[in-house]
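Engineer: To be precise about what I am sending: the file is called final-v2.txt and holds compact mmCIF, C-alpha atoms and all ligand atoms.
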```
# COMPACT_ATOMS: atom_id res chain seq x y z
CA MET A 1 0.80 -19.84 -4.44
CA THR A 2 -2.17 -17.73 -5.49
CA ALA A 3 -4.92 -17.08 -3.01
CA THR A 4 -8.53 -17.78 -3.77
CA THR A 5 -9.45 -14.50 -2.17
CA ASP A 6 -10.63 -11.06 -3.15
CA SER A 7 -8.98 -9.47 -0.12
CA PHE A 8 -6.10 -7.13 -0.80
CA LEU A 9 -4.33 -8.38 2.30
CA ASP A 10 -5.29 -11.78 3.64
CA ILE A 11 -3.61 -13.11 6.76
CA ARG A 12 -4.43 -16.74 7.46
CA GLU A 13 -3.81 -18.76 10.60
CA LEU A 14 -0.60 -16.87 11.28
CA SER A 15 1.39 -17.99 14.30
CA LYS A 16 4.73 -16.99 15.74
CA SER A 17 6.63 -17.75 18.93
CA TYR A 18 9.69 -16.27 20.54
CA GLY A 19 11.21 -19.22 22.35
CA ASP A 20 8.45 -20.67 24.50
CA SER A 21 6.18 -17.70 24.25
CA LEU A 22 3.46 -17.72 21.62
CA VAL A 23 3.18 -14.13 20.41
CA LEU A 24 0.84 -14.55 17.45
CA ASP A 25 -1.76 -17.27 17.80
CA ARG A 26 -3.56 -18.25 14.58
CA ILE A 27 -4.30 -14.73 13.41
CA ASN A 28 -6.83 -14.33 10.61
CA LEU A 29 -7.34 -10.88 9.16
CA GLN A 30 -8.61 -9.58 5.83
CA LEU A 31 -8.35 -6.09 4.39
CA ASN A 32 -9.94 -4.81 1.21
CA ARG A 33 -8.36 -2.09 -0.86
CA GLY A 34 -8.96 1.31 0.74
CA ALA A 35 -9.68 -0.20 4.17
CA VAL A 36 -8.33 1.39 7.32
CA VAL A 37 -7.95 -1.29 9.98
CA CYS A 38 -6.81 -0.51 13.51
CA LEU A 39 -5.17 -2.98 15.85
CA ILE A 40 -5.85 -2.20 19.48
CA GLY A 41 -4.99 -4.08 22.66
CA SER A 42 -2.76 -4.04 25.72
CA SER A 43 0.97 -3.70 25.61
CA GLY A 44 2.51 -7.01 24.60
CA SER A 45 -0.62 -8.32 22.85
CA GLY A 46 1.27 -8.69 19.55
CA LYS A 47 0.29 -5.62 17.51
CA SER A 48 3.82 -4.64 16.46
CA THR A 49 4.83 -8.21 15.79
CA LEU A 50 1.82 -8.69 13.53
CA LEU A 51 2.60 -5.51 11.56
CA ARG A 52 6.24 -6.52 11.25
CA THR A 53 5.38 -9.92 9.79
CA VAL A 54 3.45 -8.23 6.98
CA ASN A 55 6.52 -6.57 5.54
CA ARG A 56 8.79 -9.41 6.57
CA LEU A 57 10.72 -7.74 9.32
CA GLU A 58 9.73 -10.85 11.30
CA SER A 59 9.54 -14.43 10.11
CA VAL A 60 6.50 -16.54 10.91
CA ASP A 61 6.28 -20.11 12.18
CA SER A 62 3.08 -21.14 10.44
CA GLY A 63 0.23 -19.70 8.44
CA MET A 64 0.35 -17.51 5.36
CA ILE A 65 -0.05 -13.94 4.24
CA PHE A 66 -1.38 -13.09 0.80
CA PHE A 67 -0.96 -9.61 -0.62
CA ASP A 68 -2.74 -8.64 -3.81
CA GLY A 69 -3.23 -12.31 -4.63
CA GLN A 70 0.36 -13.43 -4.03
CA GLU A 71 1.70 -15.32 -1.07
CA ILE A 72 4.36 -13.20 0.62
CA THR A 73 5.39 -15.54 3.41
CA GLY A 74 7.48 -17.88 1.23
CA HIS A 75 11.26 -17.87 0.72
CA HIS A 76 11.11 -16.79 -2.92
CA VAL A 77 9.73 -13.31 -2.16
CA ASP A 78 11.84 -10.30 -3.20
CA GLU A 79 11.76 -8.23 -0.01
CA ASN A 80 12.87 -5.00 -1.69
CA GLN A 81 10.05 -5.26 -4.20
CA LEU A 82 7.60 -6.12 -1.45
CA ARG A 83 8.63 -3.17 0.73
CA LYS A 84 8.16 -0.85 -2.24
CA ARG A 85 4.49 -1.83 -2.15
CA ILE A 86 4.11 -2.27 1.61
CA ALA A 87 5.68 0.58 3.55
CA MET A 88 5.96 0.84 7.32
CA VAL A 89 6.26 3.82 9.66
CA PHE A 90 7.50 3.38 13.23
CA GLN A 91 6.87 5.11 16.53
CA SER A 92 10.46 6.34 16.70
CA PHE A 93 10.64 7.89 13.18
CA ASN A 94 13.95 6.11 12.34
CA LEU A 95 15.19 8.95 10.13
CA PHE A 96 18.90 9.05 9.30
CA PRO A 97 20.24 11.91 11.46
CA HIS A 98 23.19 12.80 9.21
CA MET A 99 21.11 13.17 6.04
CA THR A 100 18.89 16.02 4.96
CA VAL A 101 15.15 15.50 4.81
CA LEU A 102 15.35 15.23 1.02
CA LYS A 103 18.09 12.58 1.15
CA ASN A 104 16.15 10.63 3.77
CA ILE A 105 13.11 10.57 1.52
CA THR A 106 14.85 9.80 -1.76
CA LEU A 107 17.29 7.17 -0.51
CA GLY A 108 14.92 4.21 -0.99
CA PRO A 109 13.56 5.25 -4.39
CA ARG A 110 17.07 6.07 -5.72
CA VAL A 111 19.21 3.34 -4.24
CA VAL A 112 16.81 0.46 -3.81
CA HIS A 113 14.39 1.09 -6.65
CA GLY A 114 16.74 2.77 -9.13
CA LYS A 115 14.68 5.92 -9.67
CA PRO A 116 16.65 8.74 -11.33
CA THR A 117 17.72 11.36 -8.76
CA GLU A 118 15.96 14.21 -10.54
CA GLU A 119 12.67 12.34 -10.59
CA ALA A 120 13.03 11.14 -6.98
CA ASN A 121 13.75 14.71 -5.83
CA GLN A 122 10.80 16.10 -7.73
CA HIS A 123 8.43 13.55 -6.23
CA ALA A 124 9.83 14.13 -2.74
CA LEU A 125 9.34 17.90 -3.03
CA GLU A 126 5.74 17.38 -4.15
CA LEU A 127 5.06 15.11 -1.18
CA LEU A 128 6.70 17.56 1.25
CA ALA A 129 4.50 20.34 -0.09
CA ARG A 130 1.39 18.16 0.15
CA PHE A 131 2.06 17.54 3.83
CA GLY A 132 2.95 21.09 4.83
CA LEU A 133 6.70 20.61 4.88
CA GLU A 134 7.73 22.85 2.02
CA GLY A 135 10.98 24.57 2.85
CA LYS A 136 12.20 21.66 4.98
CA ALA A 137 13.90 19.63 2.23
CA HIS A 138 17.43 20.73 3.05
CA VAL A 139 17.42 20.64 6.84
CA ARG A 140 18.48 17.71 8.98
CA PRO A 141 15.94 15.84 11.14
CA ASP A 142 17.26 17.34 14.40
CA GLN A 143 16.24 20.77 13.14
CA LEU A 144 12.59 19.67 13.05
CA SER A 145 9.93 19.21 15.72
CA GLY A 146 8.83 15.67 16.60
CA GLY A 147 5.61 16.10 14.63
CA GLN A 148 7.53 17.35 11.60
CA GLN A 149 9.97 14.45 11.87
CA GLN A 150 7.14 11.98 11.96
CA ARG A 151 5.55 13.65 8.92
CA VAL A 152 8.88 13.31 7.11
CA ALA A 153 8.94 9.62 8.07
CA ILE A 154 5.46 9.26 6.55
CA VAL A 155 6.55 11.10 3.40
CA ARG A 156 9.55 8.77 3.20
CA ALA A 157 7.22 5.78 3.38
CA LEU A 158 5.03 7.31 0.64
CA ALA A 159 7.98 8.06 -1.63
CA SER A 160 8.02 4.50 -2.94
CA GLU A 161 4.32 4.87 -3.84
CA PRO A 162 3.17 1.96 -1.68
CA ASP A 163 -0.24 0.32 -1.93
CA LEU A 164 -0.39 -0.61 1.73
CA LEU A 165 0.81 1.42 4.68
CA LEU A 166 1.68 -0.17 8.04
CA LEU A 167 1.70 2.34 10.89
CA ASP A 168 2.96 1.30 14.32
CA GLU A 169 1.89 3.72 17.05
CA ILE A 170 3.14 6.61 15.03
CA THR A 171 1.83 9.26 17.41
CA SER A 172 2.98 7.70 20.70
CA ALA A 173 6.30 9.54 20.86
CA LEU A 174 4.72 12.94 20.17
CA ASP A 175 3.66 15.71 22.49
CA PRO A 176 -0.14 15.92 22.58
CA GLU A 177 -0.25 19.15 20.58
CA LEU A 178 1.72 17.53 17.75
CA VAL A 179 -0.46 14.43 17.52
CA GLY A 180 -3.18 16.23 15.56
CA GLU A 181 -0.98 17.16 12.64
CA VAL A 182 0.08 13.54 12.15
CA LEU A 183 -3.49 12.27 12.46
CA ASN A 184 -4.56 14.79 9.81
CA ILE A 185 -2.14 13.15 7.40
CA ILE A 186 -3.67 9.75 8.04
CA ARG A 187 -7.13 11.22 7.39
CA GLU A 188 -5.92 12.64 4.11
CA LEU A 189 -4.31 9.34 3.10
CA LYS A 190 -7.51 7.51 3.87
CA ASP A 191 -9.48 9.99 1.74
CA SER A 192 -7.04 9.45 -1.11
CA GLY A 193 -7.83 5.72 -1.01
CA MET A 194 -4.72 4.36 0.72
CA THR A 195 -5.07 0.99 2.43
CA ILE A 196 -3.84 1.26 6.01
CA LEU A 197 -3.18 -1.24 8.79
CA MET A 198 -2.24 0.53 11.99
CA ALA A 199 -1.59 -0.14 15.65
CA THR A 200 -2.75 2.73 17.79
CA HIS A 201 -3.63 3.85 21.29
CA GLU A 202 -5.55 6.83 19.87
CA MET A 203 -8.97 5.32 20.42
CA GLY A 204 -10.99 8.37 19.42
CA PHE A 205 -9.11 8.54 16.16
CA ALA A 206 -9.42 4.78 15.59
CA ARG A 207 -13.15 5.09 16.09
CA GLU A 208 -13.39 7.94 13.61
CA VAL A 209 -11.27 6.66 10.71
CA SER A 210 -11.40 2.87 10.84
CA THR A 211 -13.42 0.60 8.66
CA LYS A 212 -12.63 -2.20 11.11
CA ILE A 213 -11.14 -2.53 14.59
CA CYS A 214 -9.35 -5.65 15.79
CA PHE A 215 -8.84 -6.20 19.49
CA LEU A 216 -5.73 -8.29 20.15
CA ASP A 217 -5.31 -10.19 23.35
CA GLN A 218 -2.33 -12.45 24.04
CA GLY A 219 -1.56 -12.87 20.36
CA SER A 220 -5.11 -13.59 19.19
CA ILE A 221 -7.69 -11.39 17.57
CA LEU A 222 -10.25 -11.83 20.28
CA GLU A 223 -12.86 -9.61 18.68
CA GLU A 224 -13.21 -7.56 15.53
CA GLY A 225 -15.86 -5.41 14.00
CA PRO A 226 -16.82 -1.98 12.75
CA PRO A 227 -15.84 0.75 15.22
CA GLU A 228 -19.37 1.56 16.35
CA GLN A 229 -19.94 -2.08 17.27
CA LEU A 230 -16.56 -2.76 18.87
CA PHE A 231 -16.48 0.44 20.90
CA GLY A 232 -20.25 0.70 21.41
CA SER A 233 -21.15 -2.85 22.35
CA PRO A 234 -18.08 -5.07 22.72
CA ARG A 235 -19.03 -8.73 23.15
CA GLN A 236 -16.01 -10.20 24.92
CA PRO A 237 -15.38 -9.50 28.62
CA ARG A 238 -11.67 -8.87 27.86
CA THR A 239 -12.56 -6.24 25.29
CA GLN A 240 -14.99 -4.64 27.72
CA GLN A 241 -12.30 -4.53 30.43
CA PHE A 242 -9.74 -3.03 28.07
CA LEU A 243 -12.13 -0.33 26.88
CA GLN A 244 -13.19 0.35 30.46
CA ARG A 245 -9.56 1.00 31.42
CA ILE A 246 -9.06 3.22 28.39
CA THR A 247 -12.22 5.17 29.24
CA GLU A 248 -11.12 5.61 32.86
CA ALA A 249 -7.79 6.93 31.63
CA GLY A 250 -9.76 9.51 29.61
CA ARG A 251 -8.60 8.16 26.29
CA LEU A 252 -11.94 7.30 24.72
N1 LIG B 1 12.46 -9.76 19.46
C1 LIG B 1 11.74 -10.31 20.45
N2 LIG B 1 12.21 -11.33 21.18
C2 LIG B 1 11.47 -11.91 22.16
N3 LIG B 1 10.22 -11.51 22.48
C3 LIG B 1 9.70 -10.49 21.79
C4 LIG B 1 10.42 -9.83 20.75
N4 LIG B 1 9.64 -8.85 20.23
C5 LIG B 1 8.49 -8.91 20.93
N5 LIG B 1 8.52 -9.87 21.87
C6 LIG B 1 7.42 -10.24 22.79
O1 LIG B 1 6.28 -10.48 22.02
C7 LIG B 1 5.12 -10.01 22.67
C8 LIG B 1 4.35 -9.08 21.73
O2 LIG B 1 5.11 -7.90 21.54
P1 LIG B 1 4.65 -6.71 20.60
O3 LIG B 1 5.77 -5.75 20.53
O4 LIG B 1 4.15 -7.28 19.33
O5 LIG B 1 3.42 -6.13 21.44
P2 LIG B 1 2.56 -4.81 21.19
O6 LIG B 1 1.13 -5.22 21.18
O7 LIG B 1 3.07 -4.10 19.99
O8 LIG B 1 2.84 -3.96 22.51
P3 LIG B 1 2.95 -2.35 22.72
O9 LIG B 1 1.53 -1.84 22.82
O10 LIG B 1 3.67 -2.23 24.03
O11 LIG B 1 3.70 -1.79 21.55
C9 LIG B 1 5.57 -9.36 23.95
O12 LIG B 1 5.39 -10.27 24.99
C10 LIG B 1 7.05 -9.11 23.71
O13 LIG B 1 7.74 -9.17 24.90
MG MG B 2 3.96 -2.25 19.71
```
Would it be possible to restate this file's structure as structure tokens?
Structural biologist:
Amino acid sequence: MTATTDSFLDIRELSKSYGDSLVLDRINLQLNRGAVVCLIGSSGSGKSTLLRTVNRLESVDSGMIFFDGQEITGHHVDENQLRKRIAMVFQSFNLFPHMTVLKNITLGPRVVHGKPTEEANQHALELLARFGLEGKAHVRPDQLSGGQQQRVAIVRALASEPDLLLLDEITSALDPELVGEVLNIIRELKDSGMTILMATHEMGFAREVSTKICFLDQGSILEEGPPEQLFGSPRQPRTQQFLQRITEAGRL
């Protein structure tokens, strides 16, 4: 089905339960090309689940997702093709420990997308250089710092030249001094026009880079808006409480 929408990503009335528990409750969310949208909210509010439905790591019970005009929630969708265009990066890096950085990055393009090795290597080396990882192509992940490993995971996601990047708390496992280098990459990707949907607890960063913030509460988007509005004058009591707690914890 083709959407009558101009949005690059258009999530409509999306719901999902695990057993008796409703985890996503009629989510509606639209992203234009080049948008950076942050999902914020308490632990368990459904941020990861929502991200995972967008590249079909999770099935949905009802509702639809349209990506670049095509419905991607149906059975007919080629998941390999979809994940070439919609890449996801996780909190825990998920690099293959027994493979070099270069192999980690080129595996998808070579094996899944049939890119010639030479070309895949060349592209990977360019991306590594762009993100300050030149010289790291032939080491294994355990020879890198956490921040470097996460940057490699981002490079791996970029290697398939995606149009949409899903980032799930990608700085949460990092020591504070390594967070900045990963956030710098996201800034650069935003400046280069990448469309990004991310879950984050880095409120200051969310405020700085986002075009829109969505506050999730018990599986619903309770409130959304531009960062200055959502952080500056939240309308819903639940949003106010959440931001109050974040502020008290010194994270805003
Ligand atoms: N595979 C699963 N089976 C059953 N319940 C699940 C599963 N995955 C997630 N849940 C439940 O779904 C709800 C939403 O989880 P989700 O991981 O999306 O939250 P989150 O907002 O990403 O939280 P956090 O900030 O802690 O990462 C939680 O109540 C969680 O326990
Ligand atoms: Mg999560």
Engineer: Check the smallest atom-to-atom distance from each of A:Leu22, A:Val36, A:Leu252, A:Val139 to ligand LIG 1 (chain B) using all atoms listed in the file, then report the winner.
Structural biologist: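 Distance minimum relative to ligand LIG 1 (chain B) lands on A:Leu22.
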Engineer: If we count only C-alpha atoms and set the cut-off at 7 Å, which residues sit around A:Phe93, ignoring sequence neighbours fewer than 2 positions away in its own chain? Please answer as a ChimeraX atom specification.
Structural biologist: /A:89-91,95,149-150,153
Engineer: Between A:Glu169, A:Asp10, A:Glu223, A:Asp20, which one has atoms that come closest to A:Phe66, using all atoms listed in the file?
Structural biologist: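 Counting all atoms listed in the file, the residue closest to A:Phe66 is A:Asp10.
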Engineer: Got a sec: who's within 10 Å of A:Leu14, counting all atoms listed in the file, leaving out chain neighbours fewer than 4 positions off, as a tab-separated table (two decimals) with C-alpha atoms, keeping the file's coordinate frame?
Structural biologist:
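Output below, filename selection35.tsv:
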```tsv
chain	number	residue	atom	x	y	z
A	24	LEU	CA	0.84	-14.55	17.45
A	25	ASP	CA	-1.76	-17.27	17.80
A	26	ARG	CA	-3.56	-18.25	14.58
A	27	ILE	CA	-4.30	-14.73	13.41
A	28	ASN	CA	-6.83	-14.33	10.61
A	29	LEU	CA	-7.34	-10.88	9.16
A	50	LEU	CA	1.82	-8.69	13.53
A	53	THR	CA	5.38	-9.92	9.79
A	60	VAL	CA	6.50	-16.54	10.91
A	61	ASP	CA	6.28	-20.11	12.18
A	62	SER	CA	3.08	-21.14	10.44
A	63	GLY	CA	0.23	-19.70	8.44
A	64	MET	CA	0.35	-17.51	5.36
A	65	ILE	CA	-0.05	-13.94	4.24
A	73	THR	CA	5.39	-15.54	3.41
A	219	GLY	CA	-1.56	-12.87	20.36
A	220	SER	CA	-5.11	-13.59	19.19
```
Engineer: Of the residues A:Ala35, A:Ile40, A:Val54, A:Leu82, which is the one nearest to A:Leu189, using only C-alpha atoms?
Structural biologist: A:Ala35
Engineer: In the coordinates of the file, take the point (3.6, 3.2, 1.9) and a cut-off of 10 Å; then, counting all atoms listed in the file, name each qualifying protein, DNA or RNA residue as a list of chain:residue names.
Structural biologist: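 Using all atoms listed in the file, the matching residues come out as A:Arg83, A:Lys84, A:Arg85, A:Ile86, A:Ala87, A:Met88, A:Val89, A:Ile154, A:Val155, A:Arg156, A:Ala157, A:Leu158, A:Ala159, A:Ser160, A:Glu161, A:Pro162, A:Asp163, A:Leu164, A:Leu165, A:Leu166, A:Leu167, A:Met194, A:Thr195, A:Ile196.
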Engineer: Neighbours of ligand LIG 1 (chain B) within 10 Å, counting all atoms listed in the file, as a PyMOL selection string?
Structural biologist: chain A and resi 16-24+39-53+58+91+168-169+172+199-201+216-219
Engineer: Choose the residue, out of A:Val152, A:Ile213, A:Leu127, A:Ile186, that has the smallest atom-to-atom separation from A:Val37; count only C-alpha atoms.
Structural biologist: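 The closest residue to A:Val37 is A:Ile213.
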Engineer: For the point (18.0, 16.8, 2.1) in the file's frame, write as a PyMOL selection string all residues with an atom no more than 8 Å away, counting only C-alpha atoms.
Structural biologist: chain A and resi 99-105+137-140
Engineer: Just need the box for stretch 78-89 of chain A, edges along x, y and z, holding every atom the file lists for it with 3 Å tacked onto each side, so centre and edge lengths in Å to one decimal, as lines of an AutoDock Vina configuration file.
Structural biologist:
```
center_x = 8.5
center_y = -3.2
center_z = 2.7
size_x = 14.8
size_y = 20.1
size_z = 19.9
```
Engineer: How would stretch 57-68 of chain A read, as a short mmCIF file (atom, residue, chain, number, x, y, z; two decimals), in the coordinates of the input, once N, CA and C atoms are built in?
Structural biologist:
```
data_model
loop_
_atom_site.label_atom_id
_atom_site.label_comp_id
_atom_site.auth_asym_id
_atom_site.auth_seq_id
_atom_site.Cartn_x
_atom_site.Cartn_y
_atom_site.Cartn_z
N LEU A 57 9.68 -8.06 8.35
CA LEU A 57 10.72 -7.74 9.32
C LEU A 57 10.80 -8.86 10.36
N GLU A 58 9.74 -9.67 10.43
CA GLU A 58 9.73 -10.85 11.30
C GLU A 58 9.35 -12.06 10.46
N SER A 59 9.95 -13.18 10.77
CA SER A 59 9.54 -14.43 10.11
C SER A 59 8.32 -14.98 10.86
N VAL A 60 7.65 -15.93 10.23
CA VAL A 60 6.50 -16.54 10.91
C VAL A 60 6.77 -18.05 11.04
N ASP A 61 6.09 -18.67 11.99
CA ASP A 61 6.28 -20.11 12.18
C ASP A 61 5.30 -20.92 11.34
N SER A 62 4.07 -20.43 11.26
CA SER A 62 3.08 -21.14 10.44
C SER A 62 2.01 -20.16 10.01
N GLY A 63 1.24 -20.58 9.01
CA GLY A 63 0.23 -19.70 8.44
C GLY A 63 0.79 -18.97 7.23
N MET A 64 -0.05 -18.19 6.60
CA MET A 64 0.35 -17.51 5.36
C MET A 64 -0.21 -16.09 5.32
N ILE A 65 0.48 -15.27 4.54
CA ILE A 65 -0.05 -13.94 4.24
C ILE A 65 -0.09 -13.80 2.72
N PHE A 66 -1.23 -13.38 2.22
CA PHE A 66 -1.38 -13.09 0.80
C PHE A 66 -1.55 -11.60 0.63
N PHE A 67 -0.84 -11.04 -0.34
CA PHE A 67 -0.96 -9.61 -0.62
C PHE A 67 -1.23 -9.46 -2.11
N ASP A 68 -2.34 -8.84 -2.42
CA ASP A 68 -2.74 -8.64 -3.81
C ASP A 68 -2.66 -9.96 -4.59
#
```
